[in-house]
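Take a look at the structure below.
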Amino acid sequence: MSHPLIDALKQRRSSIAVLGLGYTGWPLALSLHEHFEVCGFDTNERRISQLQQLLSRSSSLSLSYSSDVLSNCDCFIVAVPTPVTEKNEPDLRSLEAALLSVAAVLKSGALVIIESTVYPGCTEEFCLPLLEKHSGLKAGVDFGLGYSPERINPGDQVHTLTTVTKLVSAVHTPWLDVVKFIYETIVTAGVHVCASVKVAEAAKMTENIQRDVNIALMNQLSELYEHLSISTGDVWQAAATKWNFLPFRPGLAGGHCISVDPYYLLHRAKSIPFSPTLVAEARRVNEMVRTRILQRILDHLQHNAIDYAKARILIKGVTFKANVADVRNAKIVVVALDLIALGCTVDLSDPIADEVALLHEYGLCLVSKEGVEYDIVVIAADHSDYYLLEESYFCERTRQGALVVDLTGIYRNRIIQRNYWTL
């Protein structure tokens, strides 16, 4: 006998609310809407306006920045950001606000699923008590609570919501069938039922921390090989000829996952207490890469007797990864701010970056037109458009003796008439 909520969802007598319509929640809402009654909620009025413009007039997907839209729903999927504070501690304010909105309308028989990335134990130790306290209901008796971490890879057209296996879990077993049903309906790759909620939370941490550690290794080797006057690009190319070499590259490990998740796990480890030193060291190494880049830029200016106040620098690519518009946690922007603080003139250029977010997050703007006579050009994101640039492009925009800082490695062995440096 199926769970009553499954039948209600199938017959469209119950609705699913997706809270948080960013890079995770928006594709989720669209996919769910193909099979269920769905409403999308986000507190950002501008975001709601943008998304409404993307919908066809015939679409029945309801979008709102008012929490009133939640009152008629029986299933709530929370996909809000979980960043870190300035002290690199978990910032759960958005998650808490979303849960309070849910608790205000939560009724018996409803289900809450957390998709936001959290530390192991957060769902049961933070989310569950909060929902119970502010709804007056009992988890497992009156409502269900599940966890299914998002696995969205922004900008990736191959590994999408529907083609990547979905991890599912529930605090109380009877509700697991409902969580499975919802995601099995939209994910063609299927679901993996985790042994517990904590396993699902830890799996999400592990996926991204593994990448952080590997990138840190490449960053450290890159710096070592530079001191030994060995071409790092040649090393990666040679090592990659072995079948089991993992093709990680050095770089600015920013974004919402790699540069955040380690801090969530480190926070959780403090309560044991246990110190996962490798996790902490990997994050330290990756955080220091921007200092290395900054120093390389300043060394070039000093070597050429260019006063910081007269230095002209162009940074191309200000998003946190290739072919996405998101600038949040883009480490190259922090480098730009450091250079501006030193008195340098820094022009920012990007064909797809969210200009409104850039201004809101950092107080910076993109240039409408790139200039000429730059002392340094920094390529910080390997957007598809940048692969088409020839050396003549850099020569036209820089003065003789200028430096091209290629953080992507795509111009290795292609820049001859200007100084060239890559990680």
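Each chain of the structure tokens is named A, B, ... in the order shown, its residues numbered from 1; ligands are numbered from 1 in display order.
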Near-Thr188 in chain A list (8 Å; only C-alpha atoms; drop same-chain fewer than 3 positions) as a ChimeraX atom specification: /A:162-163,184-185
Could you write out the selected residues, including C-alpha atoms, as a PDB file, in the first residue's frame?
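Produced file out-v6.pdb, reproduced below:
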ATOM      1  CA  THR A 162      18.145  14.017 -14.490  1.00  0.00           C
ATOM      2  CA  THR A 163      21.323  12.201 -15.568  1.00  0.00           C
ATOM      3  CA  GLU A 184      12.599   8.513  -9.239  1.00  0.00           C
ATOM      4  CA  THR A 185       9.909  10.281 -11.220  1.00  0.00           C
TER       5      THR A 185
END
Residues within 12 Å of range 87-95 of chain A, only C-alpha atoms, excluding chain neighbours under 6 positions, as a ChimeraX atom specification: /A:19-20,42-44,77-81,101-102,113-119,122-123,126-127,130-131,259-268,270,280,283-284,287
Hey, can you spit out that residue selection with C-alpha atoms as a PDB file, in the first residue's frame?
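Saved as out-v4.pdb:
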ATOM      1  CA  LEU A  19      12.084  27.046  -1.816  1.00  0.00           C
ATOM      2  CA  GLY A  20      15.098  28.762  -3.355  1.00  0.00           C
ATOM      3  CA  ASP A  42      12.260  32.774  -3.641  1.00  0.00           C
ATOM      4  CA  THR A  43      12.573  35.888  -1.496  1.00  0.00           C
ATOM      5  CA  ASN A  44      14.480  37.667  -4.286  1.00  0.00           C
ATOM      6  CA  ILE A  77      11.842  20.998  -0.967  1.00  0.00           C
ATOM      7  CA  VAL A  78      14.360  23.440   0.497  1.00  0.00           C
ATOM      8  CA  ALA A  79      17.155  24.375  -1.912  1.00  0.00           C
ATOM      9  CA  VAL A  80      18.477  27.630  -0.478  1.00  0.00           C
ATOM     10  CA  PRO A  81      22.177  28.619  -0.306  1.00  0.00           C
ATOM     11  CA  SER A 101       8.385  29.790   6.378  1.00  0.00           C
ATOM     12  CA  VAL A 102       7.623  26.090   6.020  1.00  0.00           C
ATOM     13  CA  ILE A 113      13.042  17.572   2.015  1.00  0.00           C
ATOM     14  CA  ILE A 114      16.341  19.425   2.450  1.00  0.00           C
ATOM     15  CA  GLU A 115      18.525  19.746  -0.657  1.00  0.00           C
ATOM     16  CA  SER A 116      20.838  22.442   0.693  1.00  0.00           C
ATOM     17  CA  THR A 117      24.363  21.272   1.499  1.00  0.00           C
ATOM     18  CA  VAL A 118      24.808  20.870   5.251  1.00  0.00           C
ATOM     19  CA  TYR A 119      27.223  19.210   7.666  1.00  0.00           C
ATOM     20  CA  CYS A 122      22.395  19.202  10.576  1.00  0.00           C
ATOM     21  CA  THR A 123      19.103  17.821   9.257  1.00  0.00           C
ATOM     22  CA  PHE A 126      19.124  21.741  13.476  1.00  0.00           C
ATOM     23  CA  CYS A 127      16.303  21.415  10.936  1.00  0.00           C
ATOM     24  CA  LEU A 130      13.288  23.997  14.415  1.00  0.00           C
ATOM     25  CA  LEU A 131      10.388  22.608  12.373  1.00  0.00           C
ATOM     26  CA  SER A 259      35.386  26.437  -1.256  1.00  0.00           C
ATOM     27  CA  VAL A 260      32.533  26.011   1.258  1.00  0.00           C
ATOM     28  CA  ASP A 261      31.909  22.351   2.089  1.00  0.00           C
ATOM     29  CA  PRO A 262      35.280  21.735   3.799  1.00  0.00           C
ATOM     30  CA  TYR A 263      34.445  24.437   6.343  1.00  0.00           C
ATOM     31  CA  TYR A 264      31.116  22.754   7.107  1.00  0.00           C
ATOM     32  CA  LEU A 265      32.830  19.463   7.846  1.00  0.00           C
ATOM     33  CA  LEU A 266      35.588  21.160   9.852  1.00  0.00           C
ATOM     34  CA  HIS A 267      32.876  22.895  11.895  1.00  0.00           C
ATOM     35  CA  ARG A 268      31.191  19.562  12.617  1.00  0.00           C
ATOM     36  CA  LYS A 270      35.077  20.451  16.311  1.00  0.00           C
ATOM     37  CA  ALA A 280      42.065  21.857   6.654  1.00  0.00           C
ATOM     38  CA  ARG A 283      41.643  24.429   2.058  1.00  0.00           C
ATOM     39  CA  ARG A 284      44.563  26.517   3.337  1.00  0.00           C
ATOM     40  CA  GLU A 287      42.997  29.797  -0.266  1.00  0.00           C
TER      41      GLU A 287
END
Near-Val318 in chain A list (7 Å; only C-alpha atoms; drop same-chain fewer than 3 positions) as a ChimeraX atom specification: /A:327,330,332-333,350,353,380-381
Dump of N, CA and C atoms for the selected residues, as a PDB file, in the first residue's frame:
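Full text of selection_15.pdb as output:
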ATOM      1  N   VAL A 327      28.816  34.898 -10.069  1.00  0.00           N
ATOM      2  CA  VAL A 327      30.073  35.487  -9.584  1.00  0.00           C
ATOM      3  C   VAL A 327      30.282  35.274  -8.094  1.00  0.00           C
ATOM      4  N   ALA A 330      33.658  33.930  -6.349  1.00  0.00           N
ATOM      5  CA  ALA A 330      34.655  33.958  -7.419  1.00  0.00           C
ATOM      6  C   ALA A 330      35.940  34.548  -6.845  1.00  0.00           C
ATOM      7  N   ILE A 332      38.788  35.190  -8.093  1.00  0.00           N
ATOM      8  CA  ILE A 332      39.525  36.170  -8.901  1.00  0.00           C
ATOM      9  C   ILE A 332      39.039  37.581  -8.601  1.00  0.00           C
ATOM     10  N   VAL A 333      37.793  37.725  -8.192  1.00  0.00           N
ATOM     11  CA  VAL A 333      37.280  39.057  -7.861  1.00  0.00           C
ATOM     12  C   VAL A 333      37.977  39.582  -6.604  1.00  0.00           C
ATOM     13  N   ASP A 350      33.790  40.230 -19.019  1.00  0.00           N
ATOM     14  CA  ASP A 350      33.244  38.878 -19.023  1.00  0.00           C
ATOM     15  C   ASP A 350      32.002  38.867 -19.906  1.00  0.00           C
ATOM     16  N   ALA A 353      28.954  37.119 -17.319  1.00  0.00           N
ATOM     17  CA  ALA A 353      28.815  37.343 -15.876  1.00  0.00           C
ATOM     18  C   ALA A 353      27.567  38.159 -15.545  1.00  0.00           C
ATOM     19  N   ALA A 380      41.026  34.400 -16.290  1.00  0.00           N
ATOM     20  CA  ALA A 380      40.688  33.714 -15.049  1.00  0.00           C
ATOM     21  C   ALA A 380      39.587  32.671 -15.175  1.00  0.00           C
ATOM     22  N   ALA A 381      38.916  32.600 -16.320  1.00  0.00           N
ATOM     23  CA  ALA A 381      37.861  31.596 -16.523  1.00  0.00           C
ATOM     24  C   ALA A 381      37.943  31.113 -17.963  1.00  0.00           C
TER      25      ALA A 381
END
Neighbour list for Asn214 in chain A as number ranges by chain, cut-off 12 Å, only C-alpha atoms, skip fewer than 2 positions in-chain: A: 207-212, 216-221, 245-251, 253, 258, 278-279, 281-283, 285-286
May I have the residues from that selection written out with C-alpha atoms, as a PDB file, in the first residue's frame?
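See selection.pdb below for the written result:
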ATOM      1  CA  GLU A 207      32.299  14.508  -3.080  1.00  0.00           C
ATOM      2  CA  ASN A 208      33.473  18.097  -2.951  1.00  0.00           C
ATOM      3  CA  ILE A 209      36.213  17.769  -0.352  1.00  0.00           C
ATOM      4  CA  GLN A 210      37.837  15.056  -2.460  1.00  0.00           C
ATOM      5  CA  ARG A 211      38.074  17.551  -5.325  1.00  0.00           C
ATOM      6  CA  ASP A 212      39.363  20.259  -3.004  1.00  0.00           C
ATOM      7  CA  ALA A 216      45.284  21.536  -3.483  1.00  0.00           C
ATOM      8  CA  LEU A 217      47.811  18.842  -4.387  1.00  0.00           C
ATOM      9  CA  MET A 218      48.103  20.211  -7.929  1.00  0.00           C
ATOM     10  CA  ASN A 219      48.418  23.767  -6.621  1.00  0.00           C
ATOM     11  CA  GLN A 220      51.224  22.777  -4.306  1.00  0.00           C
ATOM     12  CA  LEU A 221      53.023  20.773  -6.992  1.00  0.00           C
ATOM     13  CA  PHE A 245      46.090   9.791 -13.687  1.00  0.00           C
ATOM     14  CA  LEU A 246      43.322  12.048 -12.373  1.00  0.00           C
ATOM     15  CA  PRO A 247      43.108  15.159 -14.598  1.00  0.00           C
ATOM     16  CA  PHE A 248      42.842  17.773 -11.852  1.00  0.00           C
ATOM     17  CA  ARG A 249      44.458  21.130 -12.576  1.00  0.00           C
ATOM     18  CA  PRO A 250      45.782  23.821 -10.262  1.00  0.00           C
ATOM     19  CA  GLY A 251      43.685  26.947  -9.924  1.00  0.00           C
ATOM     20  CA  ALA A 253      39.095  26.628  -6.155  1.00  0.00           C
ATOM     21  CA  ILE A 258      34.568  23.264  -3.149  1.00  0.00           C
ATOM     22  CA  LEU A 278      44.303  17.023   5.511  1.00  0.00           C
ATOM     23  CA  VAL A 279      40.943  18.704   4.846  1.00  0.00           C
ATOM     24  CA  GLU A 281      45.450  21.931   4.927  1.00  0.00           C
ATOM     25  CA  ALA A 282      43.929  21.470   1.477  1.00  0.00           C
ATOM     26  CA  ARG A 283      41.643  24.429   2.058  1.00  0.00           C
ATOM     27  CA  VAL A 285      46.632  25.680   0.253  1.00  0.00           C
ATOM     28  CA  ASN A 286      43.786  26.566  -2.099  1.00  0.00           C
TER      29      ASN A 286
END
Neighbour list for range 46-54 of chain A as a short mmCIF file (atom, residue, chain, number, x, y, z; two decimals) with N, CA and C atoms, in the first residue's frame, cut-off 7 Å, only C-alpha atoms, skip fewer than 6 positions in-chain:
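Contents of the output file part_35.cif:
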data_model
loop_
_atom_site.label_atom_id
_atom_site.label_comp_id
_atom_site.auth_asym_id
_atom_site.auth_seq_id
_atom_site.Cartn_x
_atom_site.Cartn_y
_atom_site.Cartn_z
N LEU A 63 5.19 30.98 -9.62
CA LEU A 63 6.40 31.52 -9.00
C LEU A 63 6.03 32.73 -8.14
N SER A 64 6.63 32.84 -6.97
CA SER A 64 6.29 33.95 -6.09
C SER A 64 7.42 34.27 -5.13
N TYR A 65 7.49 35.54 -4.73
CA TYR A 65 8.42 35.94 -3.67
C TYR A 65 7.68 36.14 -2.35
#
12 Å contact set for range 411-413 of chain A, only C-alpha atoms, chain neighbours under 4 positions out, as a list in words: Ser231, Thr232, Gly233, Asp234, Trp236, Gln237, Val378, Ile379, Ala380, Asp382, Tyr386, Tyr387, Leu388, Leu389, Glu390, Glu391, Tyr393, Phe394, Val404, Val405, Asp406, Leu407, Gln417, Arg418, Asn419, Tyr420, Trp421, Thr422 and Leu423 of chain A
Kindly export the residues of the current selection with N, CA and C atoms, as a compact mmCIF listing (two decimals), in the first residue's frame.
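The result, written out as selection-v1.txt:
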# COMPACT_ATOMS: atom_id res chain seq x y z
N SER A 231 58.34 23.20 -16.37
CA SER A 231 57.06 23.62 -16.94
C SER A 231 55.93 22.75 -16.39
N THR A 232 55.04 23.37 -15.64
CA THR A 232 53.95 22.61 -15.04
C THR A 232 53.02 22.03 -16.11
N GLY A 233 52.75 22.80 -17.14
CA GLY A 233 51.88 22.31 -18.21
C GLY A 233 52.45 21.07 -18.86
N ASP A 234 53.76 21.04 -19.06
CA ASP A 234 54.40 19.86 -19.65
C ASP A 234 54.29 18.66 -18.71
N TRP A 236 51.82 18.09 -16.46
CA TRP A 236 50.45 17.57 -16.48
C TRP A 236 50.22 16.77 -17.76
N GLN A 237 50.72 17.29 -18.87
CA GLN A 237 50.53 16.62 -20.15
C GLN A 237 51.20 15.24 -20.15
N VAL A 378 44.84 39.16 -17.34
CA VAL A 378 44.63 37.92 -16.58
C VAL A 378 43.43 37.18 -17.17
N ILE A 379 43.65 35.94 -17.58
CA ILE A 379 42.55 35.09 -18.04
C ILE A 379 42.20 34.18 -16.88
N ALA A 380 41.03 34.40 -16.29
CA ALA A 380 40.69 33.71 -15.05
C ALA A 380 39.59 32.67 -15.18
N ASP A 382 37.87 29.83 -18.15
CA ASP A 382 37.99 29.30 -19.52
C ASP A 382 36.62 29.22 -20.20
N TYR A 386 36.70 32.27 -25.11
CA TYR A 386 38.12 32.59 -24.95
C TYR A 386 39.03 31.65 -25.72
N TYR A 387 38.54 30.46 -26.02
CA TYR A 387 39.36 29.51 -26.77
C TYR A 387 39.62 29.99 -28.20
N LEU A 388 38.82 30.93 -28.66
CA LEU A 388 38.95 31.42 -30.03
C LEU A 388 39.96 32.56 -30.15
N LEU A 389 40.43 33.08 -29.03
CA LEU A 389 41.35 34.22 -29.06
C LEU A 389 42.74 33.81 -29.54
N GLU A 390 43.29 34.60 -30.43
CA GLU A 390 44.65 34.36 -30.93
C GLU A 390 45.62 35.28 -30.20
N GLU A 391 46.91 35.08 -30.40
CA GLU A 391 47.91 35.91 -29.74
C GLU A 391 47.77 37.37 -30.15
N TYR A 393 45.21 39.07 -30.39
CA TYR A 393 44.26 39.73 -29.48
C TYR A 393 45.01 40.34 -28.29
N PHE A 394 45.91 39.58 -27.70
CA PHE A 394 46.66 40.05 -26.54
C PHE A 394 47.65 41.15 -26.92
N VAL A 404 50.92 38.14 -19.69
CA VAL A 404 49.65 37.43 -19.79
C VAL A 404 49.64 36.37 -18.69
N VAL A 405 48.72 36.52 -17.73
CA VAL A 405 48.56 35.55 -16.65
C VAL A 405 47.41 34.64 -17.03
N ASP A 406 47.73 33.42 -17.37
CA ASP A 406 46.73 32.48 -17.86
C ASP A 406 46.43 31.45 -16.78
N LEU A 407 45.38 31.68 -16.01
CA LEU A 407 45.02 30.77 -14.93
C LEU A 407 44.29 29.53 -15.43
N GLN A 417 54.89 36.53 -28.06
CA GLN A 417 55.33 37.93 -28.16
C GLN A 417 55.11 38.72 -26.87
N ARG A 418 54.56 38.07 -25.87
CA ARG A 418 54.38 38.71 -24.59
C ARG A 418 54.89 37.75 -23.50
N ASN A 419 55.18 38.29 -22.32
CA ASN A 419 55.54 37.42 -21.22
C ASN A 419 54.32 36.58 -20.85
N TYR A 420 54.56 35.35 -20.45
CA TYR A 420 53.47 34.43 -20.18
C TYR A 420 53.71 33.68 -18.88
N TRP A 421 52.65 33.53 -18.08
CA TRP A 421 52.74 32.78 -16.83
C TRP A 421 51.44 32.03 -16.59
N THR A 422 51.55 30.80 -16.18
CA THR A 422 50.38 30.00 -15.83
C THR A 422 50.68 29.20 -14.58
N LEU A 423 49.65 28.70 -13.95
CA LEU A 423 49.81 27.90 -12.74
C LEU A 423 50.37 26.52 -13.08
Distance in Å - CA of Pro154 in chain A versus CA of His256 in chain A: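 These two atoms are separated by 10.3 Å.
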